[in-house]
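> Below is one structure. I have some questions about it.
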Amino acid sequence: MERKSQVQIPKDLLLALFQYHLAGNEEYLPEIEKALMEKLDSMVKRQLYTTFKTAPTEEEREKARQEYLDKCGMHENFRW
């Protein structure tokens with residue numbers, strides 16, 4: 001059985017989604033798009049970090065670590 005995961009969003013985003021979808025107020029669209037992209041980015045970083053910590057092989061851990069640091073914008077000179 002696949003484990004269902006939940007995602008939390010800020011109250012402001014939820015209210016903007018209500019305004020856009022239920023009230024048809026399109027002025028919220030840029031705010032919604034920006035907030036959803038930030039949430040997606042956060043989820044991707046979290047998954048990479050989890051993989052970095054739990055991957056079965058050293059090679060997979062290092063690959064996930066490098067991807068995580070790239071995604072976070074960590075300059076290569078500051079990495080170990």
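Residue numbering restarts at 1 for every chain of the structure tokens, chains are lettered A, B, ... in their displayed order, and ligands are numbered from 1 as they appear.
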Excluding region 40-56 of chain A and its own-chain neighbours fewer than 6 positions away, which residues fall within 6 Å of it when counting only C-alpha atoms? Please give them as an MDAnalysis selection string.
chainID A and resid 64:65 68
> Based on DSSP run over this structure's backbone, return all residues of chain A in helix (DSSP H, G or I), as a PyMOL selection string.
chain A and resi 11-21+26-54+58-72+76-78
> Write out as a PyMOL selection string the residues lying within 8 Å of region 12-20 of chain A, counting only C-alpha atoms and excluding same-chain residues fewer than 3 positions away.
chain A and resi 9+23-29+31-32+35
